[in-house]
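Asks: This is the structure I have questions about; it appears just below.
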Amino acid sequence: MIDHENKPKKIIHFKRDNGVVILFASNALVSAIKKGVLIGSDQISSDGANWFRLDKHPQLTYLFTTQLQSRKNIDQPQPSTVSQNNYESFLCNQNNYRVGLEAAKKGELKEAYEQWLPLGKQGNMLIQFKLGVMYDQGKGVMQDYEEAFKWYYLSAEQGFANAQYNLGSMYAKGEGVAKDEILSYLWWNIAGSSGHSKAEINKAILEKKMSPSQIEQAREMTIFLQDRG
């Protein structure tokens, strides 16, 4: 729930199958998820009346199943920012970017993809966005909307507005993910707050098609996602 200052309310309600309702601070939502206090089948509410199950929301389901698990897989792209352990590694990464960029300019998109993929896995949000575009448009790789969604999401998580905008578009069209106006609004809302003017326009158009409760839910979700760092 959003107050007049566009800030989250202080209390979040949550319950499990036993029906017992427990209250906790809204700013503890993320840590509660990470510590396993909240799980996918739990229900949360901002007012104790309107509930939704976490595992029924694709956005939070993705969070539970990928980003908050402790297991590590070197083939799984990481959403963290790129960190360089030494200068040699830094130069190597820069070279990969330049080689990939030159290849892209020449139309050698498969080579660009091969050069950029390691950087995307290391967490470079610009490269993650570019990889998303390649999968989205089928350039350099076979078109795969689900892969595009994955790379856009990783980039969007780090605040890249174009990736946030594209996530909103994928939810609006139902490409790579189930069509969902609430989540489309959510990502256009976040992109708009990052300065993406087209996202603001699209959000305003979409808002006219949504019910007040849908808009409220989308805004609540926006707060949850933005406030979980």
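Convention: chains lettered A, B, ... in structure tokens order; per-chain residue numbering from 1; ligands numbered from 1 as shown.
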When you look at segment 160-169 of chain A with a cut-off of 7 Å (counting only C-alpha atoms), what residues show up, excluding the ones that are within fewer than 6 positions of it in the same chain? I need them as a PDB file with N, CA, C and O atoms, in the first residue's frame.
Replies:
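The new file out34.pdb reads:
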ATOM      1  N   MET A 125      25.759  -5.148 -16.755  1.00  0.00           N
ATOM      2  CA  MET A 125      24.350  -4.916 -17.068  1.00  0.00           C
ATOM      3  C   MET A 125      24.124  -4.443 -18.499  1.00  0.00           C
ATOM      4  O   MET A 125      23.093  -4.756 -19.107  1.00  0.00           O
ATOM      5  N   PHE A 129      21.911  -6.576 -21.197  1.00  0.00           N
ATOM      6  CA  PHE A 129      20.860  -5.983 -22.023  1.00  0.00           C
ATOM      7  C   PHE A 129      21.072  -6.315 -23.495  1.00  0.00           C
ATOM      8  O   PHE A 129      20.132  -6.704 -24.201  1.00  0.00           O
ATOM      9  N   PHE A 149      14.106 -12.694 -21.918  1.00  0.00           N
ATOM     10  CA  PHE A 149      13.545 -12.262 -20.642  1.00  0.00           C
ATOM     11  C   PHE A 149      14.576 -12.410 -19.521  1.00  0.00           C
ATOM     12  O   PHE A 149      14.737 -11.519 -18.688  1.00  0.00           O
ATOM     13  N   TYR A 152      17.279  -9.679 -19.886  1.00  0.00           N
ATOM     14  CA  TYR A 152      16.706  -8.378 -19.563  1.00  0.00           C
ATOM     15  C   TYR A 152      16.504  -8.246 -18.057  1.00  0.00           C
ATOM     16  O   TYR A 152      16.777  -7.192 -17.470  1.00  0.00           O
ATOM     17  N   TYR A 153      16.029  -9.324 -17.428  1.00  0.00           N
ATOM     18  CA  TYR A 153      15.764  -9.273 -15.997  1.00  0.00           C
ATOM     19  C   TYR A 153      17.049  -9.004 -15.209  1.00  0.00           C
ATOM     20  O   TYR A 153      17.069  -8.175 -14.293  1.00  0.00           O
ATOM     21  N   LEU A 183       2.384  -6.752 -13.982  1.00  0.00           N
ATOM     22  CA  LEU A 183       3.841  -6.775 -14.033  1.00  0.00           C
ATOM     23  C   LEU A 183       4.380  -5.902 -15.160  1.00  0.00           C
ATOM     24  O   LEU A 183       5.498  -5.378 -15.067  1.00  0.00           O
ATOM     25  N   SER A 184       3.604  -5.730 -16.208  1.00  0.00           N
ATOM     26  CA  SER A 184       3.981  -4.794 -17.254  1.00  0.00           C
ATOM     27  C   SER A 184       4.010  -3.378 -16.684  1.00  0.00           C
ATOM     28  O   SER A 184       4.971  -2.622 -16.887  1.00  0.00           O
ATOM     29  N   TYR A 185       2.960  -3.039 -15.963  1.00  0.00           N
ATOM     30  CA  TYR A 185       2.887  -1.717 -15.309  1.00  0.00           C
ATOM     31  C   TYR A 185       4.050  -1.552 -14.336  1.00  0.00           C
ATOM     32  O   TYR A 185       4.685  -0.490 -14.282  1.00  0.00           O
ATOM     33  N   TRP A 187       7.090  -2.846 -14.281  1.00  0.00           N
ATOM     34  CA  TRP A 187       8.409  -2.581 -14.880  1.00  0.00           C
ATOM     35  C   TRP A 187       8.443  -1.264 -15.634  1.00  0.00           C
ATOM     36  O   TRP A 187       9.476  -0.582 -15.648  1.00  0.00           O
ATOM     37  N   TRP A 188       7.336  -0.860 -16.240  1.00  0.00           N
ATOM     38  CA  TRP A 188       7.309   0.459 -16.855  1.00  0.00           C
ATOM     39  C   TRP A 188       7.352   1.541 -15.785  1.00  0.00           C
ATOM     40  O   TRP A 188       7.938   2.605 -15.988  1.00  0.00           O
ATOM     41  N   ILE A 190       8.961   1.271 -12.884  1.00  0.00           N
ATOM     42  CA  ILE A 190      10.347   1.331 -12.442  1.00  0.00           C
ATOM     43  C   ILE A 190      11.225   2.014 -13.492  1.00  0.00           C
ATOM     44  O   ILE A 190      12.066   2.858 -13.167  1.00  0.00           O
ATOM     45  N   ALA A 191      11.025   1.650 -14.765  1.00  0.00           N
ATOM     46  CA  ALA A 191      11.804   2.271 -15.839  1.00  0.00           C
ATOM     47  C   ALA A 191      11.541   3.772 -15.899  1.00  0.00           C
ATOM     48  O   ALA A 191      12.466   4.573 -16.103  1.00  0.00           O
ATOM     49  N   SER A 194      13.390   5.619 -13.499  1.00  0.00           N
ATOM     50  CA  SER A 194      14.810   5.677 -13.878  1.00  0.00           C
ATOM     51  C   SER A 194      15.045   6.672 -15.007  1.00  0.00           C
ATOM     52  O   SER A 194      16.175   6.830 -15.466  1.00  0.00           O
ATOM     53  N   HIS A 196      13.112   6.783 -18.050  1.00  0.00           N
ATOM     54  CA  HIS A 196      12.727   6.306 -19.373  1.00  0.00           C
ATOM     55  C   HIS A 196      11.378   6.913 -19.752  1.00  0.00           C
ATOM     56  O   HIS A 196      10.334   6.498 -19.259  1.00  0.00           O
ATOM     57  N   ALA A 199       8.570   4.667 -21.236  1.00  0.00           N
ATOM     58  CA  ALA A 199       7.957   3.807 -20.224  1.00  0.00           C
ATOM     59  C   ALA A 199       6.846   4.560 -19.502  1.00  0.00           C
ATOM     60  O   ALA A 199       5.785   3.990 -19.206  1.00  0.00           O
TER      61      ALA A 199
END
Asks: Give me, please, the distance in Å between atom CA of Tyr145 of chain A and atom CA of Tyr171 of chain A, quoted to one decimal.
Replies: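 Straight-line distance from atom CA of Tyr145 of chain A to atom CA of Tyr171 of chain A works out to 11.1 Å.
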Asks: For the atom pair atom CA of Trp116 of chain A and atom CA of Glu175 of chain A, what is the interatomic distance in Å to one decimal place?
Replies: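 Between atom CA of Trp116 of chain A and atom CA of Glu175 of chain A the gap works out to 23.5 Å.
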Asks: What's the separation between atom CA of Ile44 of chain A and atom CA of Arg219 of chain A, in Å to one decimal place?
Replies: 14.7 Å
